[in-house]
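Heads up: the structure comes next, in C-alpha cells.
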Amino acid sequence: MSIKEKMNKRFYDLQGGLFAKVTKADVGEGAGQLIQNGYTVMAWADPFFPDPSIPKSVKDTMIKEIENGFPSHYTMPMGDRKLREVIAKRIKDTYDVVLDPSRHILITPGSDSGLLYAMLPFLSEGDEVLIPDPSYPSNFVNAKLCGATAIHVPLYPENGYQLDISEFEKRVTPYTKMVVITHPNNPTGTVFNRKSILDLCDFVKKRDLILVSDQAFEDHIYDNREMIAPMSIDGMFERTITTFSISKGLGLSGFRVGYIIANDELMDVYYGGAVNVLGATNTLAQKAAITALEDKSIIKDYHERLLRRRDIAYKILNSIPHVKTILPESGILSWIDISELGTSQEVAAYLLDKAHISVNEGTPYGHQGEGYLRIVHACFWDDQDAVKALNKIKDSLIQLGKEKRL
Ligand SMILES: Cc1ncc(COP(=O)(O)O)c(C=O)c1O
C-alpha cells in the first residue's frame, strides 16, 4: 500500500500541485508561472487583479493599527467584536434581518473556509447534497470532503439559469440532507429571482433540509434586480447558514476575511469548533475590514466601475461570431458559450497559446459547463487594460472560427 493510500478516501482524489493535470488556472503554481511569463490571467475571481486596490481609508486604518501594535495579537476566535457589530448593522440595512453580534456571526479567514465549515457539522457518509449545476466548483468538492455525495441539479440558459424546483424534486431521496447555492451564482452571474428563492425555501422547508447560501457575490447586482437572502424568508433563518466575503465586492481577497451567519443554536456549535477548525482570522485584516465595510464610498465607487466594466465586456464578447454571451446580472464574471468553436478545454488552451490569456474552462463548474468559458472581465484597474485583453480574446476566437471554417 502506498503511503498516500492510507489517506481518507474523501481526500485521496484531490490534486492541484506538482502532479496535477491543471484544468483550473487557480491551482498549484500554474497561474503564478503564467504571470511571471507575461501572460494575462482572467481566471481569478478577484476584482482588479493584479493591480493595487487597497482604498485609502483602509490603508490609513492599517497603518494606524500597525503603529498602535495591537495586530500582533489574536482576536477572539469568533472575530473582532466591532467587526461583528458593523456586519450586524449591514445585514439589518440590507436584508432587514436583526442579528445579535454575540450569537449569530462568526468571522472566518475568507469565505472558502467558511463554506466548508458551514457544511461540515451536518454531513456524513451517505448523505446527499443538492447543488445547482453550474455553480462554484468548491461546492461539489466540499460535499465530498464532508463524506457526502454531491447531486448535480441542472440549471439551463433558456431559463436564465434560474432555479427550477421540479429539477430538485426529481433528485430528492431519503438521504438528501442539504442544498448549497451560490447566490448570485458563480460562474453565470445569475441573481436568483423572487420565484426561484421562494420556491427553493418552500422546498427546503417541506423536505426538512438545511440550506447553505454562499453570498460572496452579493455586493454588485445590476439593472435594479432584487437580491433576496433566503435567511430573510419566514421559517428559514433557523435552517440557513449564509456565508459572506469581502473578497469580491470590496476587492480585498488578499485580506482573507469572510463571515458566517446562522441562528444561535447552530452558531453555538460553530463557535465551539472555531479554534479547532479555523483558528482566529488575521487581526489586522479584521481591523481593515471594519473600515472597508463602514466607508460606503468604496462600494459605491466599485459599483460604478464594475457596472461599466460589465457593459464593456458584454459589448466586446457579444460581438464575437459563433459565441453566445449573456448579460451578467451581477459581479465580475462573463460566462460565454463557445460550443460552436470547440470544447471548453480546446478553446481555453487555444486562448492560452495564441492570446497568452488564461480563462477558466466551464467544466469544473459542473456538467452544464461543457462548451463554456468563464472570463473574469473585472481584472485590471484600468478599463483600457481589460479592453486590450478582451479584444485579444475576440481576435483569437475569430481566428479560431476561420481555422474551423465556420
Ligand atoms: C462563489 C464563491 N464563494 C466563495 C469564494 C471564496 O472567496 P474567499 O475565500 O476569498 O472569501 C469564491 C472565490 O472565488 C467564490 O467564487
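Going by the C-alpha cells order, chains are called A, B, ..., each with residues numbered from 1, while ligands are numbered from 1 in the order shown.
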
Open item on the list: ligand 1: which residues are within 6 Å, counting only C-alpha atoms and all ligand atoms? Reply as an NGL selection string.
Closed with: :A and (45 or 110-112 or 136 or 182 or 186 or 214 or 216 or 245 or 247 or 253 or 256 or 258)

- [ ] Please provide as a ChimeraX atom specification all residues within 10 Å of Tyr117 in chain A, with the sequence filter that same-chain residues fewer than 6 positions apart are discarded (counting only C-alpha atoms).
- [x] /A:108,111,142,146,243,260,270,273-274,277-278

Suppose we keep N, CA, C and O atoms; can you now write the selection as a compact mmCIF listing (two decimals), in the first residue's frame?
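Once everything was written out, this is again28.txt:
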# COMPACT_ATOMS: atom_id res chain seq x y z
N THR A 108 -14.60 34.53 9.54
CA THR A 108 -13.83 33.38 9.03
C THR A 108 -12.65 33.89 8.17
O THR A 108 -12.75 34.97 7.61
N SER A 111 -14.13 33.32 2.82
CA SER A 111 -15.38 32.56 2.90
C SER A 111 -15.23 31.13 2.40
O SER A 111 -16.11 30.30 2.61
N ASN A 142 -16.53 20.28 -1.65
CA ASN A 142 -16.81 20.33 -0.21
C ASN A 142 -17.73 19.19 0.22
O ASN A 142 -17.54 18.60 1.28
N CYS A 146 -16.71 16.30 3.00
CA CYS A 146 -17.51 16.01 4.20
C CYS A 146 -18.02 14.57 4.20
O CYS A 146 -18.78 14.18 5.09
N THR A 243 -22.96 32.38 3.99
CA THR A 243 -21.55 32.76 4.04
C THR A 243 -21.32 34.01 3.20
O THR A 243 -22.00 34.22 2.18
N ILE A 260 -19.76 34.04 8.58
CA ILE A 260 -20.90 33.12 8.52
C ILE A 260 -22.01 33.71 9.37
O ILE A 260 -21.75 34.22 10.46
N TYR A 270 -20.71 26.24 15.87
CA TYR A 270 -19.65 26.85 15.06
C TYR A 270 -18.65 27.61 15.94
O TYR A 270 -17.45 27.56 15.70
N GLY A 273 -16.33 25.07 17.77
CA GLY A 273 -15.26 24.43 16.97
C GLY A 273 -14.35 25.42 16.29
O GLY A 273 -13.41 25.02 15.56
N ALA A 274 -14.59 26.71 16.50
CA ALA A 274 -13.87 27.73 15.70
C ALA A 274 -12.35 27.62 15.87
O ALA A 274 -11.60 27.73 14.89
N VAL A 277 -11.06 24.38 14.01
CA VAL A 277 -11.21 24.28 12.56
C VAL A 277 -10.62 25.49 11.84
O VAL A 277 -10.00 25.35 10.79
N LEU A 278 -10.83 26.69 12.38
CA LEU A 278 -10.44 27.89 11.66
C LEU A 278 -9.28 28.64 12.29
O LEU A 278 -8.56 29.35 11.59

Open item on the list: Which residue is closest to Ala143 in chain A? Choose from A:Glu158, A:Asp127, A:Glu5, A:Asp164 and count only C-alpha atoms.
Closed with: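 Comparing A:Glu158, A:Asp127, A:Glu5, A:Asp164 against Ala143 in chain A, the winner is A:Asp127.
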
Open item on the list: Need to verify the contact set: range 381-390 of chain A, 9 Å, only C-alpha atoms, exclusion of same-chain residues closer than 2 positions in sequence. Can you return it as a PyMOL selection string?
Closed with: chain A and resi 40+42+47-53+305+308-309+312-313+316-317+355+357+377-379+392-395

For the residues in the current selection, export N, CA, C and O atoms as a CSV table (one decimal), in the first residue's frame.
chain,number,residue,atom,x,y,z
A,40,THR,N,-1.7,37.1,-19.3
A,40,THR,CA,-2.7,37.8,-18.6
A,40,THR,C,-3.7,36.7,-18.0
A,40,THR,O,-4.1,35.8,-18.7
A,42,MET,N,-7.1,36.0,-16.5
A,42,MET,CA,-8.5,36.4,-16.4
A,42,MET,C,-9.3,35.2,-15.8
A,42,MET,O,-10.4,34.9,-16.3
A,47,PRO,N,-11.4,41.0,-8.2
A,47,PRO,CA,-11.5,42.3,-8.9
A,47,PRO,C,-10.2,43.0,-9.0
A,47,PRO,O,-9.5,43.1,-8.0
A,48,PHE,N,-9.9,43.6,-10.1
A,48,PHE,CA,-8.7,44.5,-10.4
A,48,PHE,C,-7.4,43.7,-10.4
A,48,PHE,O,-6.3,44.3,-10.5
A,49,PHE,N,-7.4,42.4,-10.2
A,49,PHE,CA,-6.2,41.6,-10.2
A,49,PHE,C,-5.4,41.9,-11.5
A,49,PHE,O,-6.0,41.8,-12.6
A,50,PRO,N,-4.1,42.1,-11.6
A,50,PRO,CA,-3.2,42.1,-10.4
A,50,PRO,C,-2.8,43.5,-9.9
A,50,PRO,O,-1.8,43.6,-9.2
A,51,ASP,N,-3.6,44.5,-10.2
A,51,ASP,CA,-3.3,45.8,-9.8
A,51,ASP,C,-3.6,46.2,-8.4
A,51,ASP,O,-4.5,45.6,-7.8
A,52,PRO,N,-2.9,47.1,-7.8
A,52,PRO,CA,-3.2,47.5,-6.4
A,52,PRO,C,-4.6,48.0,-6.2
A,52,PRO,O,-5.1,48.8,-7.1
A,53,SER,N,-5.3,47.6,-5.1
A,53,SER,CA,-6.6,48.1,-4.9
A,53,SER,C,-7.0,48.1,-3.5
A,53,SER,O,-8.0,47.6,-3.0
A,305,ARG,N,-17.6,51.3,-11.3
A,305,ARG,CA,-16.5,50.8,-12.1
A,305,ARG,C,-16.9,49.4,-12.7
A,305,ARG,O,-16.7,49.1,-13.8
A,308,ARG,N,-19.7,49.5,-15.3
A,308,ARG,CA,-19.1,50.0,-16.6
A,308,ARG,C,-18.3,48.9,-17.2
A,308,ARG,O,-18.5,48.6,-18.4
A,309,ARG,N,-17.6,48.1,-16.4
A,309,ARG,CA,-16.8,47.0,-17.0
A,309,ARG,C,-17.6,45.9,-17.5
A,309,ARG,O,-17.4,45.3,-18.6
A,312,ILE,N,-18.8,47.0,-20.9
A,312,ILE,CA,-17.7,47.0,-21.9
A,312,ILE,C,-17.4,45.5,-22.3
A,312,ILE,O,-17.3,45.2,-23.5
A,313,ALA,N,-17.4,44.6,-21.3
A,313,ALA,CA,-17.1,43.2,-21.6
A,313,ALA,C,-18.2,42.6,-22.5
A,313,ALA,O,-17.9,41.9,-23.4
A,316,ILE,N,-18.0,43.7,-26.2
A,316,ILE,CA,-16.9,43.0,-26.9
A,316,ILE,C,-17.2,41.5,-27.1
A,316,ILE,O,-17.1,41.0,-28.2
A,317,LEU,N,-17.5,40.9,-26.0
A,317,LEU,CA,-17.7,39.4,-26.1
A,317,LEU,C,-18.9,39.0,-27.0
A,317,LEU,O,-18.9,38.1,-27.7
A,355,ALA,N,-3.4,33.8,-27.5
A,355,ALA,CA,-3.6,35.2,-27.0
A,355,ALA,C,-2.8,35.4,-25.7
A,355,ALA,O,-2.7,36.5,-25.2
A,357,ILE,N,-3.6,34.4,-22.8
A,357,ILE,CA,-4.6,34.8,-21.8
A,357,ILE,C,-5.2,33.5,-21.2
A,357,ILE,O,-5.6,32.6,-21.9
A,377,HIS,N,-13.9,39.5,-16.3
A,377,HIS,CA,-13.7,40.7,-17.0
A,377,HIS,C,-13.3,41.9,-16.1
A,377,HIS,O,-12.9,43.0,-16.6
A,378,ALA,N,-13.4,41.7,-14.8
A,378,ALA,CA,-13.1,42.8,-13.9
A,378,ALA,C,-11.6,42.8,-13.5
A,378,ALA,O,-11.2,43.5,-12.5
A,379,CYS,N,-10.8,42.0,-14.2
A,379,CYS,CA,-9.3,42.1,-13.8
A,379,CYS,C,-8.8,43.5,-14.3
A,379,CYS,O,-9.4,44.2,-15.1
A,392,LYS,N,-8.1,41.0,-27.5
A,392,LYS,CA,-7.2,39.9,-27.9
A,392,LYS,C,-8.0,38.6,-27.9
A,392,LYS,O,-7.8,37.7,-28.8
A,393,ILE,N,-8.9,38.4,-26.9
A,393,ILE,CA,-9.7,37.2,-26.9
A,393,ILE,C,-10.6,37.2,-28.1
A,393,ILE,O,-10.7,36.1,-28.8
A,394,LYS,N,-11.2,38.3,-28.4
A,394,LYS,CA,-12.1,38.4,-29.6
A,394,LYS,C,-11.3,38.0,-30.9
A,394,LYS,O,-11.8,37.2,-31.6
A,395,ASP,N,-10.1,38.6,-31.1
A,395,ASP,CA,-9.4,38.4,-32.3
A,395,ASP,C,-9.0,36.9,-32.4
A,395,ASP,O,-9.1,36.3,-33.5

- [ ] Using backbone DSSP assignments, extract all helix (DSSP H, G or I) residues from range 123-286 of chain A; output them as a ChimeraX atom specification.
- [x] /A:137-145,157-159,165-171,194-206,230-232,237-239,253-255,264-277,283-286
